[in-house]
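Source file: model.tsv; contents: TSV, C-alpha atoms.
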```tsv
chain	number	residue	atom	x	y	z
A	120	MET	CA	44.11	124.76	29.27
A	121	ARG	CA	44.79	126.32	32.63
A	122	GLN	CA	41.11	126.23	33.43
A	123	GLY	CA	41.01	122.46	32.72
A	124	ARG	CA	43.95	121.85	35.01
A	125	ALA	CA	42.33	123.92	37.74
A	126	TRP	CA	39.08	121.96	37.42
A	127	PHE	CA	40.97	118.66	37.56
A	128	LYS	CA	42.87	119.70	40.69
A	129	SER	CA	39.65	120.89	42.34
A	130	ARG	CA	37.91	117.56	41.58
A	131	THR	CA	40.89	115.55	42.82
A	132	PHE	CA	40.86	117.51	46.04
A	133	ARG	CA	37.19	116.82	46.63
A	134	VAL	CA	37.66	113.10	46.05
A	135	GLY	CA	40.56	113.03	48.47
A	136	VAL	CA	38.49	114.77	51.13
A	137	VAL	CA	35.72	112.20	50.71
A	138	LEU	CA	38.19	109.32	51.02
A	139	VAL	CA	39.69	110.82	54.17
A	140	LEU	CA	36.24	111.24	55.70
A	141	MET	CA	35.31	107.65	54.86
A	142	ALA	CA	38.55	106.38	56.38
A	143	GLY	CA	37.86	108.36	59.53
A	144	ILE	CA	34.33	107.01	59.80
A	145	GLY	CA	35.62	103.48	59.32
A	146	ALA	CA	38.24	103.97	62.01
A	147	TYR	CA	35.62	105.40	64.36
A	148	LEU	CA	33.27	102.47	63.79
A	149	SER	CA	36.07	99.95	64.28
A	150	LEU	CA	37.06	101.59	67.57
A	151	ARG	CA	33.52	101.51	68.96
A	152	SER	CA	33.05	98.74	71.59
A	153	ALA	CA	30.91	95.78	70.47
A	154	PRO	CA	27.55	95.47	72.25
A	155	PRO	CA	27.58	92.97	75.12
A	156	PRO	CA	26.30	89.52	74.19
A	157	PRO	CA	22.83	88.63	75.41
A	158	LEU	CA	22.60	86.66	78.65
A	159	PRO	CA	21.85	82.95	78.43
A	160	PRO	CA	18.33	81.81	79.27
A	161	THR	CA	17.47	81.72	82.95
A	162	GLY	CA	15.69	79.32	85.26
A	163	GLU	CA	13.83	79.96	88.48
A	164	ALA	CA	14.38	78.20	91.79
A	165	LYS	CA	11.04	76.62	92.71
A	166	THR	CA	9.67	73.70	94.72
A	167	ALA	CA	9.06	70.33	93.06
A	168	ASP	CA	9.22	66.59	93.74
A	169	VAL	CA	12.52	64.88	92.85
A	170	VAL	CA	12.83	61.14	92.23
A	171	GLN	CA	16.43	60.08	91.66
A	172	THR	CA	16.86	56.96	89.53
A	173	VAL	CA	19.61	54.76	88.14
A	174	GLN	CA	18.96	53.36	84.69
A	175	ALA	CA	20.58	50.21	83.34
A	176	ALA	CA	19.97	47.39	80.88
A	177	GLY	CA	18.39	44.20	82.19
A	178	VAL	CA	17.76	40.65	80.98
A	179	LEU	CA	14.77	38.52	82.01
A	180	GLN	CA	15.36	35.04	83.43
A	181	PRO	CA	13.12	32.48	85.16
A	182	LYS	CA	13.64	32.59	88.92
A	183	VAL	CA	13.62	28.77	89.10
A	184	LYS	CA	15.32	26.87	86.28
A	185	VAL	CA	16.14	23.15	86.52
A	186	ASP	CA	18.20	20.98	84.16
A	187	VAL	CA	16.79	17.45	84.30
A	188	GLY	CA	19.49	14.94	83.36
A	189	ALA	CA	19.83	11.21	82.74
A	190	GLN	CA	21.51	9.35	85.59
A	191	VAL	CA	21.96	6.16	83.52
A	192	SER	CA	23.19	5.53	80.01
A	193	GLY	CA	20.85	4.29	77.33
A	194	GLN	CA	18.96	5.02	74.17
A	195	VAL	CA	16.10	7.52	74.18
A	196	ARG	CA	13.00	5.45	73.48
A	197	ARG	CA	10.32	8.17	73.76
A	198	ILE	CA	10.01	11.88	74.55
A	199	HIS	CA	6.71	12.57	76.29
A	200	VAL	CA	6.79	16.41	76.27
A	201	GLN	CA	7.38	19.24	73.84
A	202	LEU	CA	8.79	22.76	74.03
A	203	GLY	CA	6.55	25.22	75.85
A	204	GLN	CA	4.50	22.53	77.54
A	205	GLN	CA	3.47	23.02	81.17
A	206	VAL	CA	4.29	19.96	83.29
A	207	HIS	CA	3.75	19.06	86.92
A	208	LYS	CA	5.94	17.31	89.47
A	209	GLY	CA	6.08	13.58	88.75
A	210	ASP	CA	5.04	13.80	85.09
A	211	VAL	CA	7.03	11.52	82.76
A	212	LEU	CA	9.38	13.53	80.55
A	213	VAL	CA	11.61	11.01	78.73
A	214	SER	CA	11.81	7.21	78.63
A	215	LEU	CA	15.10	5.39	78.04
A	216	ASP	CA	15.41	1.81	76.79
A	217	PRO	CA	15.16	-0.28	80.02
A	218	GLU	CA	16.42	-3.63	78.69
A	219	LEU	CA	20.03	-3.26	79.85
A	220	ALA	CA	18.91	-2.08	83.26
A	221	ARG	CA	16.49	-5.01	83.53
A	222	ASN	CA	19.27	-7.47	82.71
A	223	ASP	CA	21.45	-5.90	85.40
A	224	VAL	CA	18.62	-6.30	87.91
A	225	ALA	CA	18.15	-9.95	86.96
A	226	GLN	CA	21.88	-10.66	87.38
A	227	ALA	CA	21.91	-8.95	90.78
A	228	GLU	CA	18.87	-10.94	91.90
A	229	ALA	CA	20.54	-14.22	90.83
A	230	ALA	CA	23.76	-13.35	92.67
A	231	LEU	CA	21.77	-12.49	95.78
A	232	ALA	CA	19.84	-15.78	95.63
A	233	GLN	CA	23.08	-17.73	95.19
A	234	GLN	CA	24.61	-16.04	98.20
A	235	ALA	CA	21.53	-16.74	100.30
A	236	ALA	CA	21.75	-20.47	99.40
A	237	LEU	CA	25.43	-20.50	100.31
A	238	ILE	CA	24.63	-19.01	103.70
A	239	GLU	CA	21.98	-21.65	104.31
A	240	SER	CA	24.61	-24.32	103.57
A	241	ARG	CA	27.07	-22.66	105.96
A	242	GLN	CA	24.41	-22.49	108.64
A	243	ALA	CA	23.83	-26.26	108.32
A	244	ASP	CA	27.59	-26.84	108.66
A	245	LEU	CA	27.63	-24.56	111.68
A	246	LYS	CA	24.81	-26.54	113.32
A	247	LEU	CA	26.72	-29.78	112.77
A	248	ALA	CA	29.93	-28.23	114.15
A	249	LYS	CA	28.15	-27.12	117.30
A	250	SER	CA	26.83	-30.65	117.84
A	251	GLU	CA	30.31	-32.09	117.37
A	252	ARG	CA	31.81	-29.66	119.84
A	253	ALA	CA	29.16	-30.55	122.43
A	254	ARG	CA	29.83	-34.28	121.90
A	255	GLN	CA	33.59	-33.76	122.31
A	256	VAL	CA	33.01	-31.80	125.51
A	257	ARG	CA	30.95	-34.71	126.99
A	258	LEU	CA	33.52	-37.29	125.90
A	259	LEU	CA	36.36	-35.23	127.34
A	260	ALA	CA	34.52	-34.96	130.65
A	261	GLY	CA	34.31	-38.78	130.80
A	262	GLU	CA	37.90	-39.08	129.58
A	263	ALA	CA	36.59	-40.99	126.54
A	264	THR	CA	38.42	-38.77	124.02
A	265	ALA	CA	41.64	-36.88	123.68
A	266	ALA	CA	41.88	-33.17	124.45
A	267	THR	CA	43.16	-32.53	120.92
A	268	GLU	CA	39.92	-33.77	119.41
A	269	ALA	CA	37.91	-31.40	121.57
A	270	GLU	CA	40.19	-28.50	120.56
A	271	ARG	CA	39.85	-29.40	116.88
A	272	ALA	CA	36.04	-29.31	117.17
A	273	GLU	CA	36.26	-25.89	118.86
A	274	VAL	CA	38.51	-24.48	116.13
A	275	GLU	CA	36.26	-25.83	113.37
A	276	LEU	CA	33.29	-24.19	114.99
A	277	ASP	CA	35.10	-20.81	115.19
A	278	LYS	CA	36.09	-21.04	111.51
A	279	LEU	CA	32.52	-21.73	110.43
A	280	GLU	CA	31.18	-18.85	112.53
A	281	ALA	CA	33.75	-16.46	110.99
A	282	ASP	CA	32.99	-17.70	107.49
A	283	LEU	CA	29.28	-17.25	108.11
A	284	ARG	CA	29.84	-13.65	109.21
A	285	GLY	CA	31.78	-13.02	105.98
A	286	GLN	CA	29.02	-14.60	103.92
A	287	GLY	CA	26.48	-12.40	105.68
A	288	ALA	CA	28.50	-9.30	104.76
A	289	SER	CA	28.60	-10.48	101.14
A	290	LEU	CA	24.84	-10.91	101.26
A	291	LYS	CA	24.42	-7.29	102.38
A	292	ARG	CA	26.72	-6.10	99.60
A	293	LEU	CA	24.75	-8.03	96.98
A	294	GLN	CA	21.51	-6.69	98.41
A	295	ALA	CA	22.85	-3.14	98.08
A	296	GLU	CA	23.94	-3.90	94.50
A	297	LEU	CA	20.44	-5.16	93.73
A	298	ASP	CA	18.90	-2.01	95.19
A	299	LYS	CA	21.26	0.08	93.05
A	300	ARG	CA	20.32	-1.85	89.91
A	301	ARG	CA	16.64	-1.44	90.65
A	302	LEU	CA	17.18	2.28	91.22
A	303	SER	CA	18.99	2.51	87.87
A	304	LEU	CA	16.05	0.75	86.25
A	305	GLY	CA	13.80	3.41	87.70
A	306	TYR	CA	16.09	6.10	86.29
A	307	THR	CA	15.24	4.95	82.77
A	308	THR	CA	11.94	6.77	83.29
A	309	ILE	CA	12.81	10.45	83.74
A	310	THR	CA	10.16	12.45	85.59
A	311	ALA	CA	9.72	16.14	86.40
A	312	PRO	CA	11.22	17.08	89.80
A	313	THR	CA	9.05	20.20	90.00
A	314	ASP	CA	6.30	22.11	88.20
A	315	GLY	CA	7.46	24.15	85.24
A	316	VAL	CA	7.49	24.88	81.54
A	317	VAL	CA	9.71	22.96	79.11
A	318	VAL	CA	12.14	25.61	77.83
A	319	ASN	CA	14.85	23.33	76.43
A	320	LEU	CA	14.72	19.85	74.87
A	321	PRO	CA	18.22	19.01	73.58
A	322	VAL	CA	17.67	15.27	72.86
A	323	GLN	CA	15.79	13.32	70.20
A	324	GLU	CA	14.17	9.91	70.11
A	325	GLY	CA	16.70	7.23	69.17
A	326	GLN	CA	19.64	9.21	70.52
A	327	THR	CA	22.07	7.40	72.82
A	328	VAL	CA	23.09	9.21	75.98
A	329	ILE	CA	26.16	8.35	78.04
A	330	ALA	CA	26.01	9.19	81.75
A	331	VAL	CA	29.55	8.32	82.82
A	332	GLN	CA	31.40	11.50	83.82
A	333	VAL	CA	28.95	14.29	82.94
A	334	THR	CA	25.19	13.98	83.40
A	335	PRO	CA	23.57	14.69	80.01
A	336	VAL	CA	20.73	17.23	80.10
A	337	MET	CA	17.48	15.78	78.77
A	338	VAL	CA	14.97	18.54	79.57
A	339	THR	CA	15.17	22.02	81.08
A	340	LEU	CA	12.20	23.18	83.17
A	341	ALA	CA	11.53	26.75	84.24
A	342	ASN	CA	8.95	28.22	86.58
A	343	MET	CA	7.54	31.09	84.52
A	344	ASP	CA	5.14	32.38	87.20
A	345	GLU	CA	7.90	34.63	88.53
A	346	ILE	CA	10.63	36.27	86.46
A	347	THR	CA	13.98	37.47	87.73
A	348	VAL	CA	15.38	40.64	86.18
A	349	ARG	CA	19.19	40.61	86.05
A	350	THR	CA	20.23	44.26	85.77
A	351	ARG	CA	23.80	45.23	84.91
A	352	VAL	CA	24.53	48.38	86.92
A	353	PRO	CA	27.75	50.30	86.11
A	354	GLU	CA	30.41	50.61	88.78
A	355	ALA	CA	29.84	54.38	89.06
A	356	ASP	CA	26.18	53.89	90.11
A	357	ILE	CA	26.30	50.72	92.21
A	358	ALA	CA	26.89	52.66	95.46
A	359	LEU	CA	23.42	54.21	95.07
A	360	ILE	CA	21.67	50.82	94.87
A	361	LYS	CA	20.29	49.28	98.08
A	362	VAL	CA	18.29	46.13	98.77
A	363	GLY	CA	14.57	46.91	98.97
A	364	GLN	CA	14.58	49.85	96.53
A	365	ARG	CA	11.81	49.98	93.94
A	366	ALA	CA	12.79	48.82	90.46
A	367	ARG	CA	10.65	48.92	87.34
A	368	PHE	CA	10.69	48.51	83.59
A	369	VAL	CA	8.33	48.81	80.63
A	370	THR	CA	8.14	46.21	77.88
A	371	LEU	CA	8.74	47.30	74.32
A	372	ALA	CA	6.11	45.09	72.73
A	373	GLY	CA	2.33	45.09	72.84
A	374	GLU	CA	0.68	47.60	75.16
A	375	ALA	CA	4.02	48.48	76.83
A	376	GLN	CA	2.96	47.13	80.23
A	377	ARG	CA	4.79	48.40	83.28
A	378	TYR	CA	6.28	45.95	85.80
A	379	GLU	CA	7.56	46.75	89.28
A	380	GLY	CA	9.52	44.89	91.95
A	381	LYS	CA	12.00	45.44	94.77
A	382	VAL	CA	15.75	44.87	94.67
A	383	ARG	CA	16.39	41.44	96.22
A	384	VAL	CA	20.16	41.06	95.99
A	385	ILE	CA	23.28	42.81	94.71
A	386	GLN	CA	25.75	40.20	93.52
A	387	PRO	CA	29.20	41.07	94.95
A	388	VAL	CA	31.19	39.50	92.10
A	389	PRO	CA	31.34	41.91	89.15
A	390	GLU	CA	31.28	41.27	85.42
A	391	ARG	CA	33.81	42.91	83.12
A	392	ALA	CA	33.25	44.11	79.57
A	393	GLY	CA	36.57	45.48	78.36
A	394	ASN	CA	37.57	48.15	80.87
A	395	ALA	CA	34.00	48.57	82.17
A	396	VAL	CA	32.85	46.93	85.41
A	397	PHE	CA	29.21	45.99	86.05
A	398	TYR	CA	27.38	44.50	89.04
A	399	ASN	CA	24.27	42.34	88.71
A	400	VAL	CA	21.24	43.61	90.61
A	401	LEU	CA	18.37	41.12	90.84
A	402	PHE	CA	14.65	41.63	91.47
A	403	GLU	CA	11.49	39.67	90.67
A	404	VAL	CA	8.21	40.53	88.94
A	405	ASP	CA	4.97	38.59	88.61
A	406	ASN	CA	4.48	36.77	85.32
A	407	ARG	CA	1.40	34.63	85.82
A	408	ALA	CA	-0.04	36.26	82.70
A	409	ARG	CA	2.88	34.71	80.74
A	410	LYS	CA	3.63	37.93	78.85
A	411	LEU	CA	7.33	37.92	79.72
A	412	LEU	CA	9.72	35.46	78.10
A	413	PRO	CA	13.28	34.40	79.02
A	414	ASP	CA	16.20	36.44	77.64
A	415	MET	CA	14.07	39.51	76.90
A	416	THR	CA	16.08	42.74	77.13
A	417	VAL	CA	14.55	45.64	79.07
A	418	GLN	CA	15.58	49.08	80.29
A	419	VAL	CA	15.40	49.14	84.09
A	420	SER	CA	14.97	52.14	86.39
A	421	VAL	CA	15.83	51.80	90.09
A	422	ASP	CA	14.56	54.54	92.42
A	423	THR	CA	17.52	55.44	94.62
A	424	GLY	CA	15.97	58.43	96.41
A	425	GLU	CA	12.87	60.62	96.59
A	426	VAL	CA	12.08	64.00	98.15
A	427	LYS	CA	8.78	65.94	98.17
A	428	ASN	CA	8.36	69.71	97.74
A	429	ALA	CA	12.08	70.38	97.52
A	430	LEU	CA	13.66	73.59	96.25
A	431	THR	CA	15.00	72.80	92.77
A	432	ILE	CA	16.76	74.36	89.82
A	433	PRO	CA	17.45	72.98	86.33
A	434	THR	CA	20.46	70.66	86.33
A	435	VAL	CA	22.08	72.55	83.42
A	436	ALA	CA	22.53	75.58	85.69
A	437	LEU	CA	25.22	73.83	87.71
A	438	GLY	CA	28.75	75.03	87.08
A	439	ASP	CA	32.05	73.77	88.43
A	440	ARG	CA	32.11	71.56	91.51
A	441	ALA	CA	34.42	72.50	94.37
A	442	ASP	CA	36.42	70.13	96.53
A	443	ASP	CA	33.80	70.37	99.29
A	444	GLY	CA	31.11	69.13	96.91
A	445	ARG	CA	29.42	72.52	96.36
A	446	PHE	CA	28.51	73.73	92.88
A	447	THR	CA	28.91	77.23	91.49
A	448	VAL	CA	25.88	78.83	89.83
A	449	GLN	CA	25.28	82.27	88.35
A	450	VAL	CA	22.47	84.06	90.22
A	451	LEU	CA	20.89	87.26	88.86
A	452	ASP	CA	21.01	90.16	91.34
A	453	ALA	CA	18.48	93.00	91.65
A	454	ALA	CA	20.09	94.78	88.67
A	455	GLY	CA	19.85	91.66	86.52
A	456	LYS	CA	23.57	91.00	86.54
A	457	PRO	CA	24.87	87.44	87.15
A	458	GLN	CA	26.78	86.90	90.37
A	459	PRO	CA	28.56	83.60	91.22
A	460	ARG	CA	27.26	81.74	94.24
A	461	GLN	CA	28.02	78.33	95.72
A	462	LEU	CA	25.28	75.98	96.77
A	463	ARG	CA	24.92	72.45	98.11
A	464	THR	CA	22.78	70.01	96.16
A	465	GLY	CA	20.95	66.79	96.97
A	466	LEU	CA	19.01	64.42	94.75
A	467	GLN	CA	18.61	64.93	91.02
A	468	ASP	CA	16.48	63.31	88.35
A	469	GLY	CA	18.35	64.44	85.26
A	470	ALA	CA	16.21	67.49	84.50
A	471	LYS	CA	16.29	69.18	87.92
A	472	VAL	CA	18.39	69.03	91.05
A	473	GLN	CA	17.51	69.57	94.70
A	474	VAL	CA	19.04	72.66	96.35
A	475	VAL	CA	19.87	72.00	100.01
A	476	ASP	CA	21.24	75.47	100.79
A	477	GLY	CA	22.65	78.56	99.06
A	478	LEU	CA	19.52	79.64	97.15
A	479	LYS	CA	16.01	80.92	97.85
A	480	ALA	CA	12.77	80.22	96.08
A	481	GLY	CA	12.09	82.68	93.26
A	482	GLU	CA	15.73	83.53	92.55
A	483	LYS	CA	16.82	83.16	88.96
A	484	VAL	CA	19.94	81.40	87.76
A	485	LEU	CA	21.63	81.31	84.39
A	486	LEU	CA	21.24	78.04	82.53
A	487	ALA	CA	24.79	78.43	81.15
A	488	PRO	CA	27.87	80.34	82.39
A	489	PRO	CA	28.19	83.89	80.95
A	490	ALA	CA	31.57	83.03	79.41
A	491	ASP	CA	29.95	80.29	77.39
A	492	ALA	CA	27.35	82.73	76.16
A	493	ALA	CA	29.99	85.28	75.19
A	494	SER	CA	32.06	82.73	73.32
A	495	GLY	CA	28.91	81.52	71.60
A	496	ALA	CA	28.02	85.04	70.51
A	497	ALA	CA	31.57	85.71	69.31
A	498	SER	CA	31.63	82.55	67.26
A	499	ALA	CA	28.25	83.43	65.77
A	500	ALA	CA	29.49	86.91	64.82
A	501	SER	CA	32.66	85.55	63.25
A	502	SER	CA	30.66	83.09	61.17
```
For the file at hand, write its structure as structure tokens.
Amino acid sequence: MRQGRAWFKSRTFRVGVVLVLMAGIGAYLSLRSAPPPPLPPTGEAKTADVVQTVQAAGVLQPKVKVDVGAQVSGQVRRIHVQLGQQVHKGDVLVSLDPELARNDVAQAEAALAQQAALIESRQADLKLAKSERARQVRLLAGEATAATEAERAEVELDKLEADLRGQGASLKRLQAELDKRRLSLGYTTITAPTDGVVVNLPVQEGQTVIAVQVTPVMVTLANMDEITVRTRVPEADIALIKVGQRARFVTLAGEAQRYEGKVRVIQPVPERAGNAVFYNVLFEVDNRARKLLPDMTVQVSVDTGEVKNALTIPTVALGDRADDGRFTVQVLDAAGKPQPRQLRTGLQDGAKVQVVDGLKAGEKVLLAPPADAASGAASAASS
């Protein structure tokens, strides 16, 4: 019995020793410092070409677009064109019913003829009045008539001359009215004011148009040989855009053809979309092949700067920006340890940035701050 108790105590002692040793080993391992996290990937400062661009959405529009309206009221008798048709200056587009206009011309011609006859009658009266005045002057000289009769003849002559001047003015007014009516008759045939393609035809044959306060649009013509690209540039990038810079886009359909032009104008009045502010930047591209259509949406790139054989580093290596505009980067020293350094940058194209000063060719920089790498390693270990 005593031997059994002794064996049990001896075994319990050995187990306790093992547990103490394991606890000590665990404490030792927990007190050991964790290995330093690996450094982030590095990039090398090297020479390269940098082309800085601003990208924005654009919409295609014809450079020349004309709304051809009806200047007189009437019923559409015939439409001579169809959508997509190429027309030339002077071609007939739409014909309105000319009967009302013809009646107006006939009435104006009759009024003008009546006025001309009235003037002829007044001229005959004027001739007679002049003869009477001359006769009264001769009689008065021979004292064969009273002075009052001579004065009456003079007054009658003056009245007829004044009336004839008024009738002549009425004749001019009626002539102008006739010219206007004839012009309105000509307006019943609507012709193309310029070469272009029919891009809108909002009327139908038999429709009545009223041209009283607002001129109704009959046909819209567009010159499709040259297309204007209206690019909406955000407020943050508009300061980089200058007239004359190269702008380009690639179509999404077909063989993805590339088109290039130069910035022609920056419209000073902005457009607002919610809290965002955009400025329209316009440039033209050739479209004689007729592959571009109005209202197409394209992604535009405007080259805002270019430098050849510049010292560059990857853009992701840039750290915080100081008040003087310099960026902090982590440069590896001779021992391979990162050291902070400030440098001044120039142009950038999204992937790489030009280094103006603060770095030499061949030096390596971290592509992420060491703290970010440490936190990333810690989070990976905890997961």
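Pairwise distance (CA of Val400 in chain A, CA of Pro181 in chain A) equals 14.8 Å.
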- What lies within 8 Å of Ala189 in chain A using all atoms listed in the file, ignoring chain neighbours under 2 positions off, as an MDAnalysis selection string? chainID A and resid 187 191:192 306:307 309 328 330 334:337
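With CA of Leu371 in chain A on one side and CA of Phe402 in chain A on the other, the separation reads 19.0 Å.
Excluding Val178 in chain A and any residue on its chain fewer than 4 positions from it, the residues at most 6 Å away by only C-alpha atoms are Val348, Arg349, Asp414, Met415 and Thr416 of chain A.
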- Excluding Gly380 in chain A and any residue of its chain fewer than 2 positions from it, enumerate the residues within 9 Å of it, using all atoms listed in the file, and give them as a ChimeraX atom specification. /A:363-367,378,382-383,402-405
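Shortest separation to Ala248 in chain A among A:Gln233, A:Glu275, A:Gly438, A:Lys299 occurs at residue A:Glu275, atoms counted being all atoms listed in the file.
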- Task: With a distance cut-off of 10 Å and only C-alpha atoms, select the neighbouring residues of Ala295 in chain A, excluding the residue or stretch itself and same-chain residues fewer than 6 positions from it, and output the selection as a PyMOL selection string.
- Result: chain A and resi 227+231+289+301
- Would you kindly return, as a list in words, each protein, DNA or RNA residue with an atom no farther than 8 Å from any atom of Val224 in chain A, considering all atoms listed in the file and excluding same-chain residues fewer than 5 positions away? Leu297, Arg300, Arg301 and Leu304 of chain A
Could those residues be written to a file, using C-alpha atoms, as a PDB file, keeping the file's coordinate frame?
```
ATOM      1  CA  LEU A 297      20.440  -5.160  93.730  1.00  0.00           C
ATOM      2  CA  ARG A 300      20.320  -1.850  89.910  1.00  0.00           C
ATOM      3  CA  ARG A 301      16.640  -1.440  90.650  1.00  0.00           C
ATOM      4  CA  LEU A 304      16.050   0.750  86.250  1.00  0.00           C
TER       5      LEU A 304
END
```
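Atom pair CA of Arg257 in chain A / CA of Arg284 in chain A has a distance of 27.6 Å (rounded to one decimal).
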Counting only C-alpha atoms, which residues in range 285-394 of chain A sit no more than 12 Å from range 199-223 of chain A? For each one, give the nearest pair of atoms and the distance in Å, sorted by chain then residue number, as a Markdown table.
```
| residue | atom | partner | partner_atom | distance |
| --- | --- | --- | --- | --- |
| A:Glu296 | CA | A:Asp223 | CA | 9.6 |
| A:Leu297 | CA | A:Asp223 | CA | 8.4 |
| A:Asp298 | CA | A:Asp223 | CA | 10.8 |
| A:Lys299 | CA | A:Asp223 | CA | 9.7 |
| A:Arg300 | CA | A:Asp223 | CA | 6.2 |
| A:Arg301 | CA | A:Ala220 | CA | 7.8 |
| A:Leu302 | CA | A:Ala220 | CA | 9.2 |
| A:Ser303 | CA | A:Ala220 | CA | 6.5 |
| A:Leu304 | CA | A:Ala220 | CA | 5.0 |
| A:Gly305 | CA | A:Pro217 | CA | 8.6 |
| A:Tyr306 | CA | A:Leu215 | CA | 8.3 |
| A:Thr307 | CA | A:Leu215 | CA | 4.8 |
| A:Thr308 | CA | A:Ser214 | CA | 4.7 |
| A:Ile309 | CA | A:Val213 | CA | 5.2 |
| A:Thr310 | CA | A:Val211 | CA | 4.3 |
| A:Ala311 | CA | A:Lys208 | CA | 5.0 |
| A:Pro312 | CA | A:Lys208 | CA | 5.3 |
| A:Thr313 | CA | A:Lys208 | CA | 4.3 |
| A:Asp314 | CA | A:His207 | CA | 4.2 |
| A:Gly315 | CA | A:Val206 | CA | 5.6 |
| A:Val316 | CA | A:Gln205 | CA | 4.4 |
| A:Val317 | CA | A:Gly203 | CA | 5.1 |
| A:Val318 | CA | A:Leu202 | CA | 5.8 |
| A:Asn319 | CA | A:Leu202 | CA | 6.5 |
| A:Leu320 | CA | A:Leu202 | CA | 6.7 |
| A:Pro321 | CA | A:Leu202 | CA | 10.2 |
| A:Val322 | CA | A:Val213 | CA | 9.5 |
| A:Gln323 | CA | A:Val213 | CA | 9.8 |
| A:Glu324 | CA | A:Val213 | CA | 9.1 |
| A:Gly325 | CA | A:Leu215 | CA | 9.2 |
| A:Gln326 | CA | A:Leu215 | CA | 9.6 |
| A:Thr327 | CA | A:Leu215 | CA | 8.9 |
| A:Val328 | CA | A:Leu215 | CA | 9.1 |
| A:Ile329 | CA | A:Leu215 | CA | 11.4 |
| A:Val336 | CA | A:Val213 | CA | 11.1 |
| A:Met337 | CA | A:Val213 | CA | 7.6 |
| A:Val338 | CA | A:Leu212 | CA | 7.6 |
| A:Thr339 | CA | A:Leu202 | CA | 9.5 |
| A:Leu340 | CA | A:Val206 | CA | 8.5 |
| A:Ala341 | CA | A:Gln205 | CA | 9.4 |
| A:Asn342 | CA | A:Gln205 | CA | 9.3 |
| A:Met343 | CA | A:Gln205 | CA | 9.6 |
| A:Asp344 | CA | A:Gln205 | CA | 11.3 |
```
N, CA and C atoms restored at range 218-231 of chain A, emitted as a compact mmCIF listing (two decimals), in the frame of the given file:
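Listing of rebuild-v2.txt after writing:
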```
# COMPACT_ATOMS: atom_id res chain seq x y z
N GLU A 218 16.02 -2.24 78.78
CA GLU A 218 16.42 -3.63 78.69
C GLU A 218 17.74 -3.90 79.40
N LEU A 219 18.74 -3.07 79.19
CA LEU A 219 20.03 -3.26 79.85
C LEU A 219 19.89 -3.18 81.36
N ALA A 220 19.10 -2.23 81.81
CA ALA A 220 18.91 -2.08 83.26
C ALA A 220 18.16 -3.29 83.82
N ARG A 221 17.21 -3.82 83.07
CA ARG A 221 16.49 -5.01 83.53
C ARG A 221 17.43 -6.22 83.62
N ASN A 222 18.31 -6.36 82.66
CA ASN A 222 19.27 -7.47 82.71
C ASN A 222 20.18 -7.33 83.93
N ASP A 223 20.60 -6.11 84.22
CA ASP A 223 21.45 -5.90 85.40
C ASP A 223 20.70 -6.26 86.68
N VAL A 224 19.42 -5.94 86.74
CA VAL A 224 18.62 -6.30 87.91
C VAL A 224 18.50 -7.82 88.04
N ALA A 225 18.28 -8.49 86.92
CA ALA A 225 18.15 -9.95 86.96
C ALA A 225 19.46 -10.60 87.43
N GLN A 226 20.59 -10.11 86.95
CA GLN A 226 21.88 -10.66 87.38
C GLN A 226 22.10 -10.41 88.88
N ALA A 227 21.74 -9.24 89.35
CA ALA A 227 21.91 -8.95 90.78
C ALA A 227 21.00 -9.82 91.62
N GLU A 228 19.79 -10.08 91.15
CA GLU A 228 18.87 -10.94 91.90
C GLU A 228 19.41 -12.38 91.96
N ALA A 229 19.98 -12.87 90.84
CA ALA A 229 20.54 -14.22 90.83
C ALA A 229 21.72 -14.33 91.78
N ALA A 230 22.60 -13.32 91.78
CA ALA A 230 23.76 -13.35 92.67
C ALA A 230 23.31 -13.32 94.13
N LEU A 231 22.27 -12.55 94.41
CA LEU A 231 21.77 -12.49 95.78
C LEU A 231 21.18 -13.83 96.21
```
